[in-house]
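Have a look at the structure below before the remarks.
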Amino acid sequence: MQKKERFQQFLLTLPSTLIFILVVVYPFIAGLYYSLTDWDGIAKTWSFVGLGNYIKLFQSKALLTPLKNTLQFTLVNVVACNILAIFVATGIQRSTRLNNALRVIFFMPFIISLVVSSYMWTYLYSAVIYPVFGIRNPLGNPQTANLGLSMISIWRNMGYCVVIYVAALQTIPESLYEAAAVEGANAWTKFTKITLPMLIPALNINLTLILGWGLKEFDTVMAATGGGPGDATTSVAFYVYKTTFVWGKAGFGQAIAFVMMLGIVLLTSLVSRFLRSREVEM
Amino acid sequence: MKQGSTIGRVLHLSIILLLALFVFAPFYVQIIYSLKTPAEVAESGIAFPTRLYLGNYVEALENTKLMGAFLRTLLVTVTSVLVLQCIAPVCAWVLVRQEKRRFYNFQYYLYLSAIMLPFQVVMLPLYSFFRQIGLLNTIPGLIIGICGFQLPYNVFVTASFVKTVPISMEEAARIDGASVFSTYWRVVFPLLKPITITTLILNTLSAWNDFQITVVLAFKENVRTLQYALYMFFGQYSAQIHQAFAAFLITMLPVIILYLALQKYLIQGLTAGAIKE
């Protein structure tokens with residue numbers, strides 16, 4: 001009986017396990033091996049180069065621009081999304097009809113694909129914003145292209161943060177504000193001494209999410225700019241794609257992908273740990 | 001939160017309304033442009049159209065490549081969402097209820113750590129593996145790829161939900177002699193409804209909007225889905241803006257309808273996972 005049940009349980013998890021091994025576990029292990037070779041991605045033969053790709057990677061100057069672009073894109077996104085979202089959320093937290101409608105609007109871009117968002121904005125930049133407002137298309141200028149891309153991403157992701165912040169604000173007990181009011185605290189003091197500290201768990205979620213999305217940025221680059229002008233918007237993820245599939249240096253691309261993964265894990269867990277240490281106990 | 005002065009509150013709300021305008025404007029401009037002829041666009045810009053012109057939509061709908069991709073995306077999305085709902089919750093349930101056994105505990109942590117995994121890490125091996133076994137550039141291959149990459153998230157959030165479901169009802173069913181599967185199907189699965197709806201919406205969005213997996217696993221024309229079809233189309237030709245906008249609106253229509261119909265559940269689900277009360 002016991003044995004039979006255990007076997008049934010195992011059978012129930014099997015489909016999930018199989019697909020997971022097929023799509024994630026096995027490719028991950030195979031990838032580790034490929035990163036130690038000079039494989040071009042197609043040929044039947046390759047040679048083992050040990051840590052050669054990893055050594056080359058840390059000496060490569062070509063990687064600095066994608067790295068800089070990705071970090072800049074991520075930083076702008078993290079800061080802008082969170083500041084704007086806190087600003088918006090503190091104004092629409094009460095569930096009135098107008099506020100509910102506003103929440104629906106702010107979240108709407110998030111359900112649109114990154115590809116469509118990118119094309120939509122390239123058209124808006126060149127064919128609507130320029131003729132109507134006289135603001136030049138930022139994607140055409142290497143100096144501003146990366147910021148232009150960030151704009152698209154902020155437009156799309158801000159609403160997600162708003163939703164999380166609104167939910168967090170609604171859990172702050174009203175009594176805290178009442179007590180502060182009795183003590184004569186002004187709006188700014190209440191915001192910095194009550195609202196912000198109470199928002200830290202939500203900030204943690206939003207920060208790590210936007211951080212992760214930013215560091216993995218791929219779709220917008222490929223669709224809106226193709227990495228250009230020049231390499232002004234090439235992100236690390238896009239660079240990996242090009243190295244692997246366009247330039248035929250699959251082993252090297254695989255090595256960059258692993259270092260990129262480690263960087264993402266390290267950065268997000270550091271930020272998350274720091275914020276968790278700042279959470280206030282209720 | 002009680003804000004300070006009335007002036008401050010009015011200012012705050014005004015800026016929020018401006019931001020909302022900025023967020024909504026692209027949708028507005030798209031709708032307006034897509035309902036105009038090129039001549040009207042040049043003449044009246046973003047003003048409301050004086051008459052209804054559906055030519056752009058007709059053209060987009062007559063574009064067989066785009067519509068083929070649309071139907072394929074529908075197939076891929078519906079299938080992968082159904083497959084995920086069949087395999088992920090039951091797996092999460094066993095993983096939680098058997099967490100004391102090392103085999104399942106290890107699996108749980110594998111799923112957990114795969115959530116953050118960037119697709120780039122498995123991109124090349126997946127591509128060459130699928131090419132070897134004949135799944136590259138096939139619809140089943142794409143579905144398996146999308147499911148595999150959504151699976152860790154589904155297992156994780158469902159597992160968190162199962163932990164809040166009391167075990168007593170399951171035990172009662174077991175004493176009555178119900179099998180493992182019927183305990184899951186009759187007792188547990190109905191209780192998972194809230195998280196099922198949330199994952200259903202999120203999986204639909206990811207499958208419908210997927211670009212990265214498609215680029216690597218299904219790039220040939222006969223298997224192309226919407227996002228990649230749009231990429232190929234607008235990457236090669238610079239289509240006229242009013243036609244492009246009509247095409248975009250058609251491709252986002254299904255997810256917008258889904259969102260507006262189920263937004264309450266979506267928001268509940270997103271925040272329930274995020275905010276612990």
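Every chain in the structure tokens takes a letter, A first, then B, and so on in the order presented; its residues are numbered from 1, and the ligands are numbered from 1 following the presented order.
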
Inset, instruction - Using only C-alpha atoms, select each residue of chain B with any atom at most 6 Å away from an atom of chain A, and give the selection as a PyMOL selection string. - result: chain B and resi 3-4+16+87+91+120-122+125-126+148+209+271

Inset, instruction - Extract, using only C-alpha atoms, all DNA, RNA and protein residues at most 9 Å from range 184-194 of chain B, discarding same-chain residues fewer than 2 positions from it, and format them as a VMD selection string. - result: chain B and resid 89 to 90 93 158 161 to 162 165 169 to 170 173 179 to 182 196 to 199 265 268 to 269

Mind writing the picked residues with C-alpha atoms as a PDB file, in the first residue's frame?
ATOM      1  CA  PRO B  89       0.070  22.041  -9.655  1.00  0.00           C
ATOM      2  CA  VAL B  90       0.083  18.297  -9.031  1.00  0.00           C
ATOM      3  CA  TRP B  93       1.401  19.457  -4.291  1.00  0.00           C
ATOM      4  CA  THR B 158       1.632  26.873  -6.419  1.00  0.00           C
ATOM      5  CA  PHE B 161      -0.101  28.268  -1.996  1.00  0.00           C
ATOM      6  CA  VAL B 162      -0.346  24.565  -1.100  1.00  0.00           C
ATOM      7  CA  VAL B 165      -3.995  24.703   2.494  1.00  0.00           C
ATOM      8  CA  MET B 169      -9.233  17.307   4.297  1.00  0.00           C
ATOM      9  CA  GLU B 170      -6.723  15.299   2.315  1.00  0.00           C
ATOM     10  CA  ALA B 173     -10.192  11.569   1.950  1.00  0.00           C
ATOM     11  CA  SER B 179      -6.354   7.062  -4.227  1.00  0.00           C
ATOM     12  CA  VAL B 180      -3.537   9.574  -4.480  1.00  0.00           C
ATOM     13  CA  PHE B 181      -4.824  10.925  -7.747  1.00  0.00           C
ATOM     14  CA  SER B 182      -8.447  11.212  -6.724  1.00  0.00           C
ATOM     15  CA  THR B 196      -4.766  28.470 -10.810  1.00  0.00           C
ATOM     16  CA  ILE B 197      -6.425  31.601 -12.192  1.00  0.00           C
ATOM     17  CA  THR B 198      -3.354  33.736 -11.501  1.00  0.00           C
ATOM     18  CA  THR B 199      -0.918  31.323 -13.139  1.00  0.00           C
ATOM     19  CA  TYR B 265      -7.799  38.048 -10.124  1.00  0.00           C
ATOM     20  CA  GLN B 268      -4.984  39.723  -6.342  1.00  0.00           C
ATOM     21  CA  GLY B 269      -2.641  36.946  -7.374  1.00  0.00           C
TER      22      GLY B 269
END

Tell me which protein, DNA and RNA residues are within 12 Å of Ile55 in chain A, counting only C-alpha atoms, leaving out same-chain ones fewer than 2 positions away, and put them as a PDB file with N, CA and C atoms, in the first residue's frame.
ATOM      1  N   SER A  35      30.757  25.613 -22.641  1.00  0.00           N
ATOM      2  CA  SER A  35      31.491  26.830 -22.308  1.00  0.00           C
ATOM      3  C   SER A  35      32.985  26.548 -22.164  1.00  0.00           C
ATOM      4  N   LEU A  36      33.338  25.265 -22.091  1.00  0.00           N
ATOM      5  CA  LEU A  36      34.754  24.902 -21.969  1.00  0.00           C
ATOM      6  C   LEU A  36      35.336  24.466 -23.319  1.00  0.00           C
ATOM      7  N   VAL A  49      38.867  23.543 -24.511  1.00  0.00           N
ATOM      8  CA  VAL A  49      39.827  24.615 -24.259  1.00  0.00           C
ATOM      9  C   VAL A  49      39.925  24.965 -22.769  1.00  0.00           C
ATOM     10  N   GLY A  50      39.330  24.139 -21.926  1.00  0.00           N
ATOM     11  CA  GLY A  50      39.403  24.398 -20.492  1.00  0.00           C
ATOM     12  C   GLY A  50      38.745  25.712 -20.138  1.00  0.00           C
ATOM     13  N   LEU A  51      39.412  26.500 -19.310  1.00  0.00           N
ATOM     14  CA  LEU A  51      38.833  27.772 -18.882  1.00  0.00           C
ATOM     15  C   LEU A  51      39.150  28.906 -19.852  1.00  0.00           C
ATOM     16  N   GLY A  52      39.685  28.540 -21.033  1.00  0.00           N
ATOM     17  CA  GLY A  52      40.114  29.548 -22.012  1.00  0.00           C
ATOM     18  C   GLY A  52      39.084  30.627 -22.296  1.00  0.00           C
ATOM     19  N   ASN A  53      37.799  30.206 -22.496  1.00  0.00           N
ATOM     20  CA  ASN A  53      36.763  31.193 -22.798  1.00  0.00           C
ATOM     21  C   ASN A  53      36.561  32.166 -21.650  1.00  0.00           C
ATOM     22  N   LEU A  57      37.194  36.110 -21.724  1.00  0.00           N
ATOM     23  CA  LEU A  57      36.059  36.969 -21.395  1.00  0.00           C
ATOM     24  C   LEU A  57      36.475  38.133 -20.487  1.00  0.00           C
ATOM     25  N   PHE A  58      37.313  37.813 -19.495  1.00  0.00           N
ATOM     26  CA  PHE A  58      37.702  38.873 -18.564  1.00  0.00           C
ATOM     27  C   PHE A  58      38.751  39.802 -19.159  1.00  0.00           C
ATOM     28  N   GLN A  59      39.355  39.387 -20.273  1.00  0.00           N
ATOM     29  CA  GLN A  59      40.322  40.268 -20.923  1.00  0.00           C
ATOM     30  C   GLN A  59      39.680  41.058 -22.060  1.00  0.00           C
ATOM     31  N   SER A  60      38.459  40.612 -22.460  1.00  0.00           N
ATOM     32  CA  SER A  60      37.839  41.189 -23.652  1.00  0.00           C
ATOM     33  C   SER A  60      37.350  42.620 -23.408  1.00  0.00           C
ATOM     34  N   PHE A 252      32.239  30.552 -26.582  1.00  0.00           N
ATOM     35  CA  PHE A 252      32.512  31.821 -25.914  1.00  0.00           C
ATOM     36  C   PHE A 252      31.211  32.459 -25.422  1.00  0.00           C
ATOM     37  N   ALA A 255      30.019  30.872 -22.324  1.00  0.00           N
ATOM     38  CA  ALA A 255      30.779  31.305 -21.141  1.00  0.00           C
ATOM     39  C   ALA A 255      30.272  32.660 -20.650  1.00  0.00           C
ATOM     40  N   ILE A 256      30.005  33.590 -21.584  1.00  0.00           N
ATOM     41  CA  ILE A 256      29.483  34.897 -21.169  1.00  0.00           C
ATOM     42  C   ILE A 256      28.139  34.711 -20.473  1.00  0.00           C
ATOM     43  N   VAL A 259      28.652  33.720 -16.878  1.00  0.00           N
ATOM     44  CA  VAL A 259      29.129  34.827 -16.052  1.00  0.00           C
ATOM     45  C   VAL A 259      27.995  35.827 -15.822  1.00  0.00           C
TER      46      VAL A 259
END

Inset, instruction - Mind giving me the straight-line distance from CA of Leu139 in chain A to CA of Leu230 in chain B in Å, one decimal? - result: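 The value is 19.3 Å.
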
Inset, instruction - Please run DSSP on the backbone and report, as a PyMOL selection string, all residues within range 114-282 of chain A that come out as alpha helix (DSSP H). - result: chain A and resi 114-123+130-133+145-169+174-182+187-190+196-198+200-215+219-220+236-241+250-276

Legend entry - Atomic separation - CA of Leu66 in chain B relative to CA of Arg131 in chain B, Å: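 Value for the CA of Arg131 in chain B-CA of Leu66 in chain B distance: 25.7 Å.
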
Inset, instruction - Within 7 Å of range 104-108 of chain B, counting only C-alpha atoms, which residues show up once you throw out same-chain ones fewer than 5 positions away? Write them as JSON, numbers by chain, please. - result: {"B": [95, 98, 99]}

Legend entry - Within 9 Å of Arg97 in chain B using only C-alpha atoms, minus same-chain residues under 3 positions, as a list in words: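 Residues meeting the cut-off are Ala92, Trp93, Val94, Lys100, Val162, Lys163 and Ile167 of chain B.
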
Legend entry - Selection near Leu149 in chain A, 8 Å with only C-alpha atoms, sequence-local residues under 4 positions removed, as a PyMOL selection string: chain A and resi 73+139+145+153+220-221+224+233

Legend entry - Atomic separation - CA of Thr138 in chain B relative to CA of Phe219 in chain B, Å: 9.4 Å
